[in-house]
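File shown here: run.pdb, holding PDB, N, CA and C atoms.
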```pdb
MODEL        1
ATOM      1  N   MET U  30     105.802  82.151 147.140  1.00  0.00           N
ATOM      2  CA  MET U  30     105.683  81.584 145.796  1.00  0.00           C
ATOM      3  C   MET U  30     104.854  80.297 145.858  1.00  0.00           C
ATOM      4  N   ASP U  31     104.093  80.059 144.850  1.00  0.00           N
ATOM      5  CA  ASP U  31     103.253  78.871 144.757  1.00  0.00           C
ATOM      6  C   ASP U  31     104.115  77.616 144.633  1.00  0.00           C
ATOM      7  N   LYS U  32     103.785  76.597 145.437  1.00  0.00           N
ATOM      8  CA  LYS U  32     104.572  75.351 145.426  1.00  0.00           C
ATOM      9  C   LYS U  32     104.571  74.712 144.034  1.00  0.00           C
ATOM     10  N   ARG U  33     103.459  74.821 143.304  1.00  0.00           N
ATOM     11  CA  ARG U  33     103.409  74.243 141.943  1.00  0.00           C
ATOM     12  C   ARG U  33     104.441  74.904 141.033  1.00  0.00           C
ATOM     13  N   ASN U  34     104.650  76.196 141.194  1.00  0.00           N
ATOM     14  CA  ASN U  34     105.666  76.880 140.390  1.00  0.00           C
ATOM     15  C   ASN U  34     107.059  76.374 140.724  1.00  0.00           C
ATOM     16  N   ASP U  35     107.305  76.123 142.017  1.00  0.00           N
ATOM     17  CA  ASP U  35     108.603  75.581 142.429  1.00  0.00           C
ATOM     18  C   ASP U  35     108.847  74.222 141.796  1.00  0.00           C
ATOM     19  N   ILE U  36     107.818  73.371 141.823  1.00  0.00           N
ATOM     20  CA  ILE U  36     107.942  72.032 141.231  1.00  0.00           C
ATOM     21  C   ILE U  36     108.162  72.138 139.734  1.00  0.00           C
ATOM     22  N   SER U  37     107.420  73.007 139.078  1.00  0.00           N
ATOM     23  CA  SER U  37     107.557  73.173 137.637  1.00  0.00           C
ATOM     24  C   SER U  37     108.959  73.657 137.267  1.00  0.00           C
ATOM     25  N   LYS U  38     109.488  74.620 138.027  1.00  0.00           N
ATOM     26  CA  LYS U  38     110.839  75.116 137.745  1.00  0.00           C
ATOM     27  C   LYS U  38     111.883  74.036 137.985  1.00  0.00           C
ATOM     28  N   ASP U  39     111.696  73.242 139.041  1.00  0.00           N
ATOM     29  CA  ASP U  39     112.624  72.148 139.324  1.00  0.00           C
ATOM     30  C   ASP U  39     112.586  71.116 138.198  1.00  0.00           C
ATOM     31  N   LEU U  40     111.398  70.802 137.718  1.00  0.00           N
ATOM     32  CA  LEU U  40     111.249  69.852 136.620  1.00  0.00           C
ATOM     33  C   LEU U  40     111.925  70.386 135.362  1.00  0.00           C
ATOM     34  N   ASP U  41     111.743  71.671 135.078  1.00  0.00           N
ATOM     35  CA  ASP U  41     112.402  72.280 133.920  1.00  0.00           C
ATOM     36  C   ASP U  41     113.919  72.175 134.031  1.00  0.00           C
ATOM     37  N   ARG U  42     114.450  72.425 135.228  1.00  0.00           N
ATOM     38  CA  ARG U  42     115.909  72.312 135.431  1.00  0.00           C
ATOM     39  C   ARG U  42     116.378  70.881 135.197  1.00  0.00           C
ATOM     40  N   ARG U  43     115.591  69.910 135.687  1.00  0.00           N
ATOM     41  CA  ARG U  43     115.983  68.506 135.515  1.00  0.00           C
ATOM     42  C   ARG U  43     115.942  68.107 134.043  1.00  0.00           C
ATOM     43  N   ILE U  44     114.936  68.566 133.317  1.00  0.00           N
ATOM     44  CA  ILE U  44     114.848  68.244 131.890  1.00  0.00           C
ATOM     45  C   ILE U  44     116.034  68.857 131.148  1.00  0.00           C
ATOM     46  N   ASP U  45     116.356  70.110 131.462  1.00  0.00           N
ATOM     47  CA  ASP U  45     117.510  70.762 130.826  1.00  0.00           C
ATOM     48  C   ASP U  45     118.803  70.021 131.123  1.00  0.00           C
ATOM     49  N   ALA U  46     118.992  69.631 132.384  1.00  0.00           N
ATOM     50  CA  ALA U  46     120.209  68.914 132.769  1.00  0.00           C
ATOM     51  C   ALA U  46     120.299  67.586 132.037  1.00  0.00           C
ATOM     52  N   LEU U  47     119.176  66.885 131.932  1.00  0.00           N
ATOM     53  CA  LEU U  47     119.160  65.605 131.235  1.00  0.00           C
ATOM     54  C   LEU U  47     119.465  65.805 129.751  1.00  0.00           C
ATOM     55  N   ALA U  48     118.874  66.811 129.143  1.00  0.00           N
ATOM     56  CA  ALA U  48     119.127  67.084 127.722  1.00  0.00           C
ATOM     57  C   ALA U  48     120.593  67.444 127.488  1.00  0.00           C
ATOM     58  N   ASN U  49     121.174  68.187 128.419  1.00  0.00           N
ATOM     59  CA  ASN U  49     122.583  68.571 128.280  1.00  0.00           C
ATOM     60  C   ASN U  49     123.528  67.392 128.407  1.00  0.00           C
ATOM     61  N   ARG U  50     123.101  66.334 129.132  1.00  0.00           N
ATOM     62  CA  ARG U  50     123.969  65.170 129.326  1.00  0.00           C
ATOM     63  C   ARG U  50     123.691  64.060 128.322  1.00  0.00           C
ATOM     64  N   SER U  51     122.767  64.286 127.430  1.00  0.00           N
ATOM     65  CA  SER U  51     122.432  63.240 126.466  1.00  0.00           C
ATOM     66  C   SER U  51     122.302  63.857 125.084  1.00  0.00           C
ATOM     67  N   SER U  52     121.983  63.019 124.123  1.00  0.00           N
ATOM     68  CA  SER U  52     121.794  63.523 122.762  1.00  0.00           C
ATOM     69  C   SER U  52     120.324  63.832 122.492  1.00  0.00           C
ATOM     70  N   LEU U  53     119.488  63.751 123.526  1.00  0.00           N
ATOM     71  CA  LEU U  53     118.067  64.000 123.371  1.00  0.00           C
ATOM     72  C   LEU U  53     117.736  65.474 123.534  1.00  0.00           C
ATOM     73  N   THR U  54     116.687  65.905 122.856  1.00  0.00           N
ATOM     74  CA  THR U  54     116.191  67.266 123.054  1.00  0.00           C
ATOM     75  C   THR U  54     115.172  67.249 124.190  1.00  0.00           C
ATOM     76  N   ARG U  55     114.814  68.434 124.684  1.00  0.00           N
ATOM     77  CA  ARG U  55     113.783  68.535 125.721  1.00  0.00           C
ATOM     78  C   ARG U  55     112.498  67.851 125.260  1.00  0.00           C
ATOM     79  N   GLY U  56     112.094  68.132 124.018  1.00  0.00           N
ATOM     80  CA  GLY U  56     110.862  67.548 123.487  1.00  0.00           C
ATOM     81  C   GLY U  56     110.908  66.032 123.438  1.00  0.00           C
ATOM     82  N   GLN U  57     112.042  65.488 123.022  1.00  0.00           N
ATOM     83  CA  GLN U  57     112.180  64.027 122.956  1.00  0.00           C
ATOM     84  C   GLN U  57     112.104  63.402 124.337  1.00  0.00           C
ATOM     85  N   ILE U  58     112.708  64.046 125.329  1.00  0.00           N
ATOM     86  CA  ILE U  58     112.697  63.518 126.694  1.00  0.00           C
ATOM     87  C   ILE U  58     111.271  63.468 127.221  1.00  0.00           C
ATOM     88  N   ILE U  59     110.547  64.562 127.051  1.00  0.00           N
ATOM     89  CA  ILE U  59     109.172  64.632 127.543  1.00  0.00           C
ATOM     90  C   ILE U  59     108.286  63.650 126.785  1.00  0.00           C
ATOM     91  N   GLU U  60     108.429  63.617 125.463  1.00  0.00           N
ATOM     92  CA  GLU U  60     107.622  62.714 124.635  1.00  0.00           C
ATOM     93  C   GLU U  60     107.878  61.254 125.006  1.00  0.00           C
ATOM     94  N   ASP U  61     109.140  60.889 125.198  1.00  0.00           N
ATOM     95  CA  ASP U  61     109.483  59.512 125.536  1.00  0.00           C
ATOM     96  C   ASP U  61     108.933  59.135 126.909  1.00  0.00           C
ATOM     97  N   ALA U  62     109.075  60.040 127.863  1.00  0.00           N
ATOM     98  CA  ALA U  62     108.570  59.756 129.209  1.00  0.00           C
ATOM     99  C   ALA U  62     107.062  59.544 129.183  1.00  0.00           C
ATOM    100  N   LEU U  63     106.350  60.382 128.455  1.00  0.00           N
ATOM    101  CA  LEU U  63     104.895  60.253 128.381  1.00  0.00           C
ATOM    102  C   LEU U  63     104.483  58.994 127.611  1.00  0.00           C
ATOM    103  N   ALA U  64     105.183  58.708 126.522  1.00  0.00           N
ATOM    104  CA  ALA U  64     104.834  57.555 125.694  1.00  0.00           C
ATOM    105  C   ALA U  64     105.031  56.231 126.423  1.00  0.00           C
ATOM    106  N   HIS U  65     106.030  56.171 127.294  1.00  0.00           N
ATOM    107  CA  HIS U  65     106.331  54.920 127.983  1.00  0.00           C
ATOM    108  C   HIS U  65     105.869  54.909 129.431  1.00  0.00           C
ATOM    109  N   GLY U  66     105.210  55.973 129.844  1.00  0.00           N
ATOM    110  CA  GLY U  66     104.734  56.031 131.225  1.00  0.00           C
ATOM    111  C   GLY U  66     105.865  56.051 132.234  1.00  0.00           C
ATOM    112  N   ARG U  67     106.999  56.531 131.816  1.00  0.00           N
ATOM    113  CA  ARG U  67     108.170  56.573 132.702  1.00  0.00           C
ATOM    114  C   ARG U  67     108.348  57.968 133.246  1.00  0.00           C
ATOM    115  N   SER U  68     108.858  58.035 134.423  1.00  0.00           N
ATOM    116  CA  SER U  68     109.124  59.333 135.033  1.00  0.00           C
ATOM    117  C   SER U  68     110.433  59.900 134.500  1.00  0.00           C
ATOM    118  N   LEU U  69     110.575  61.200 134.610  1.00  0.00           N
ATOM    119  CA  LEU U  69     111.840  61.819 134.228  1.00  0.00           C
ATOM    120  C   LEU U  69     112.955  61.363 135.156  1.00  0.00           C
ATOM    121  N   ALA U  70     112.614  61.044 136.403  1.00  0.00           N
ATOM    122  CA  ALA U  70     113.623  60.533 137.337  1.00  0.00           C
ATOM    123  C   ALA U  70     114.197  59.219 136.808  1.00  0.00           C
ATOM    124  N   TRP U  71     113.356  58.362 136.220  1.00  0.00           N
ATOM    125  CA  TRP U  71     113.824  57.098 135.635  1.00  0.00           C
ATOM    126  C   TRP U  71     114.805  57.396 134.511  1.00  0.00           C
ATOM    127  N   GLN U  72     114.435  58.345 133.648  1.00  0.00           N
ATOM    128  CA  GLN U  72     115.318  58.684 132.532  1.00  0.00           C
ATOM    129  C   GLN U  72     116.624  59.293 133.032  1.00  0.00           C
ATOM    130  N   GLU U  73     116.537  60.094 134.079  1.00  0.00           N
ATOM    131  CA  GLU U  73     117.736  60.680 134.652  1.00  0.00           C
ATOM    132  C   GLU U  73     118.703  59.586 135.108  1.00  0.00           C
ATOM    133  N   LYS U  74     118.181  58.582 135.804  1.00  0.00           N
ATOM    134  CA  LYS U  74     119.001  57.469 136.280  1.00  0.00           C
ATOM    135  C   LYS U  74     119.583  56.691 135.105  1.00  0.00           C
ATOM    136  N   TRP U  75     118.796  56.510 134.041  1.00  0.00           N
ATOM    137  CA  TRP U  75     119.269  55.783 132.865  1.00  0.00           C
ATOM    138  C   TRP U  75     120.456  56.520 132.242  1.00  0.00           C
ATOM    139  N   VAL U  76     120.323  57.841 132.077  1.00  0.00           N
ATOM    140  CA  VAL U  76     121.409  58.628 131.487  1.00  0.00           C
ATOM    141  C   VAL U  76     122.646  58.584 132.385  1.00  0.00           C
ATOM    142  N   GLU U  77     122.433  58.655 133.715  1.00  0.00           N
ATOM    143  CA  GLU U  77     123.567  58.570 134.637  1.00  0.00           C
ATOM    144  C   GLU U  77     124.270  57.222 134.508  1.00  0.00           C
ATOM    145  N   GLY U  78     123.497  56.151 134.340  1.00  0.00           N
ATOM    146  CA  GLY U  78     124.075  54.815 134.178  1.00  0.00           C
ATOM    147  C   GLY U  78     124.871  54.694 132.892  1.00  0.00           C
ATOM    148  N   VAL U  79     124.320  55.226 131.818  1.00  0.00           N
ATOM    149  CA  VAL U  79     125.039  55.201 130.534  1.00  0.00           C
ATOM    150  C   VAL U  79     126.326  56.007 130.650  1.00  0.00           C
ATOM    151  N   GLN U  80     126.251  57.187 131.267  1.00  0.00           N
ATOM    152  CA  GLN U  80     127.438  58.028 131.417  1.00  0.00           C
ATOM    153  C   GLN U  80     128.501  57.332 132.264  1.00  0.00           C
ATOM    154  N   ALA U  81     128.068  56.677 133.335  1.00  0.00           N
ATOM    155  CA  ALA U  81     129.020  55.949 134.186  1.00  0.00           C
ATOM    156  C   ALA U  81     129.709  54.845 133.386  1.00  0.00           C
ATOM    157  N   GLY U  82     128.955  54.156 132.538  1.00  0.00           N
ATOM    158  CA  GLY U  82     129.545  53.111 131.699  1.00  0.00           C
ATOM    159  C   GLY U  82     130.554  53.677 130.718  1.00  0.00           C
ATOM    160  N   LEU U  83     130.234  54.818 130.126  1.00  0.00           N
ATOM    161  CA  LEU U  83     131.164  55.456 129.194  1.00  0.00           C
ATOM    162  C   LEU U  83     132.427  55.921 129.921  1.00  0.00           C
ATOM    163  N   ASP U  84     132.241  56.470 131.135  1.00  0.00           N
ATOM    164  CA  ASP U  84     133.393  56.904 131.928  1.00  0.00           C
ATOM    165  C   ASP U  84     134.296  55.716 132.259  1.00  0.00           C
ATOM    166  N   ASP U  85     133.682  54.582 132.622  1.00  0.00           N
ATOM    167  CA  ASP U  85     134.455  53.370 132.912  1.00  0.00           C
ATOM    168  C   ASP U  85     135.232  52.921 131.680  1.00  0.00           C
ATOM    169  N   ALA U  86     134.575  52.955 130.533  1.00  0.00           N
ATOM    170  CA  ALA U  86     135.232  52.522 129.296  1.00  0.00           C
ATOM    171  C   ALA U  86     136.437  53.409 128.987  1.00  0.00           C
ATOM    172  N   GLU U  87     136.303  54.713 129.226  1.00  0.00           N
ATOM    173  CA  GLU U  87     137.421  55.628 128.988  1.00  0.00           C
ATOM    174  C   GLU U  87     138.599  55.317 129.903  1.00  0.00           C
ATOM    175  N   ARG U  88     138.308  54.808 131.086  1.00  0.00           N
ATOM    176  CA  ARG U  88     139.378  54.446 132.027  1.00  0.00           C
ATOM    177  C   ARG U  88     139.901  53.034 131.755  1.00  0.00           C
ATOM    178  N   GLY U  89     139.313  52.357 130.782  1.00  0.00           N
ATOM    179  CA  GLY U  89     139.761  51.011 130.457  1.00  0.00           C
ATOM    180  C   GLY U  89     139.051  49.928 131.244  1.00  0.00           C
ATOM    181  N   ASN U  90     138.014  50.285 131.978  1.00  0.00           N
ATOM    182  CA  ASN U  90     137.237  49.308 132.748  1.00  0.00           C
ATOM    183  C   ASN U  90     136.012  48.901 131.939  1.00  0.00           C
ATOM    184  N   PHE U  91     136.186  47.911 131.103  1.00  0.00           N
ATOM    185  CA  PHE U  91     135.096  47.504 130.229  1.00  0.00           C
ATOM    186  C   PHE U  91     134.202  46.482 130.916  1.00  0.00           C
ATOM    187  N   ALA U  92     132.920  46.577 130.643  1.00  0.00           N
ATOM    188  CA  ALA U  92     131.947  45.643 131.212  1.00  0.00           C
ATOM    189  C   ALA U  92     132.013  44.321 130.456  1.00  0.00           C
ATOM    190  N   THR U  93     131.642  43.258 131.148  1.00  0.00           N
ATOM    191  CA  THR U  93     131.554  41.958 130.487  1.00  0.00           C
ATOM    192  C   THR U  93     130.241  41.888 129.728  1.00  0.00           C
ATOM    193  N   GLU U  94     130.119  40.903 128.844  1.00  0.00           N
ATOM    194  CA  GLU U  94     128.871  40.736 128.099  1.00  0.00           C
ATOM    195  C   GLU U  94     127.705  40.466 129.047  1.00  0.00           C
ATOM    196  N   ASP U  95     127.950  39.725 130.130  1.00  0.00           N
ATOM    197  CA  ASP U  95     126.892  39.450 131.109  1.00  0.00           C
ATOM    198  C   ASP U  95     126.427  40.726 131.790  1.00  0.00           C
ATOM    199  N   GLU U  96     127.365  41.606 132.144  1.00  0.00           N
ATOM    200  CA  GLU U  96     126.992  42.871 132.782  1.00  0.00           C
ATOM    201  C   GLU U  96     126.186  43.746 131.828  1.00  0.00           C
ATOM    202  N   ILE U  97     126.571  43.768 130.568  1.00  0.00           N
ATOM    203  CA  ILE U  97     125.830  44.538 129.572  1.00  0.00           C
ATOM    204  C   ILE U  97     124.412  43.979 129.424  1.00  0.00           C
ATOM    205  N   ALA U  98     124.286  42.662 129.382  1.00  0.00           N
ATOM    206  CA  ALA U  98     122.979  42.029 129.256  1.00  0.00           C
ATOM    207  C   ALA U  98     122.081  42.369 130.447  1.00  0.00           C
ATOM    208  N   LEU U  99     122.657  42.392 131.655  1.00  0.00           N
ATOM    209  CA  LEU U  99     121.884  42.739 132.843  1.00  0.00           C
ATOM    210  C   LEU U  99     121.343  44.163 132.753  1.00  0.00           C
ATOM    211  N   VAL U 100     122.181  45.086 132.300  1.00  0.00           N
ATOM    212  CA  VAL U 100     121.742  46.477 132.179  1.00  0.00           C
ATOM    213  C   VAL U 100     120.662  46.600 131.107  1.00  0.00           C
ATOM    214  N   LEU U 101     120.858  45.956 129.980  1.00  0.00           N
ATOM    215  CA  LEU U 101     119.855  46.034 128.911  1.00  0.00           C
ATOM    216  C   LEU U 101     118.525  45.459 129.366  1.00  0.00           C
ATOM    217  N   ASN U 102     118.567  44.350 130.096  1.00  0.00           N
ATOM    218  CA  ASN U 102     117.318  43.749 130.588  1.00  0.00           C
ATOM    219  C   ASN U 102     116.640  44.651 131.612  1.00  0.00           C
ATOM    220  N   LYS U 103     117.426  45.314 132.443  1.00  0.00           N
ATOM    221  CA  LYS U 103     116.869  46.189 133.486  1.00  0.00           C
ATOM    222  C   LYS U 103     116.105  47.351 132.861  1.00  0.00           C
ATOM    223  N   TYR U 104     116.617  47.884 131.783  1.00  0.00           N
ATOM    224  CA  TYR U 104     116.006  49.056 131.166  1.00  0.00           C
ATOM    225  C   TYR U 104     115.235  48.744 129.881  1.00  0.00           C
ATOM    226  N   ALA U 105     114.958  47.480 129.645  1.00  0.00           N
ATOM    227  CA  ALA U 105     114.239  47.097 128.429  1.00  0.00           C
ATOM    228  C   ALA U 105     112.843  47.714 128.432  1.00  0.00           C
ATOM    229  N   THR U 106     112.413  48.131 127.249  1.00  0.00           N
ATOM    230  CA  THR U 106     111.062  48.666 127.086  1.00  0.00           C
ATOM    231  C   THR U 106     110.075  47.508 127.201  1.00  0.00           C
ATOM    232  N   ARG U 107     109.072  47.720 128.034  1.00  0.00           N
ATOM    233  CA  ARG U 107     108.061  46.671 128.230  1.00  0.00           C
ATOM    234  C   ARG U 107     106.739  47.106 127.684  1.00  0.00           C
TER     235      ARG U 107
ENDMDL
END
```
Once more with this new file: its structure as structure tokens, please.
Amino acid sequence: MDKRNDISKDLDRRIDALANRSSLTRGQIIEDALAHGRSLAWQEKWVEGVQAGLDDAERGNFATEDEIALVLNKYATR
């Protein structure tokens, strides 16, 4: 099998997984990544970080305002 096909299928799986874990559609994920010059891997990490924060909140482990500010600054659109 052509290596490009393998990469394309892997990318499709990652986009689907990201869409399933967020409120974004496949089109929105791709459009946002292209518009901001960000990789899908960056978006994947962002969604994982948001999910981890939500999981912590459900367990009663709330972040401080300083921790929230650090995360927002890290992922701020430039």
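Nearest residue to Leu47 of chain U among U:Arg88, U:Leu69, U:Leu83, U:Gly78 is U:Leu69, counting only C-alpha atoms.
You can rank U:Asp84, U:Arg43, U:Thr54, U:Lys38 by their closest distance to Ser68 of chain U using only C-alpha atoms, and at the top of that list sits U:Arg43.
Taking atom C of Leu63 of chain U as the reference point, atom N of Ala81 of chain U is found at 24.4 Å.
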Hey, can you check how far atom CA of Ile59 of chain U sits from atom N of Gln80 of chain U? 19.0 Å
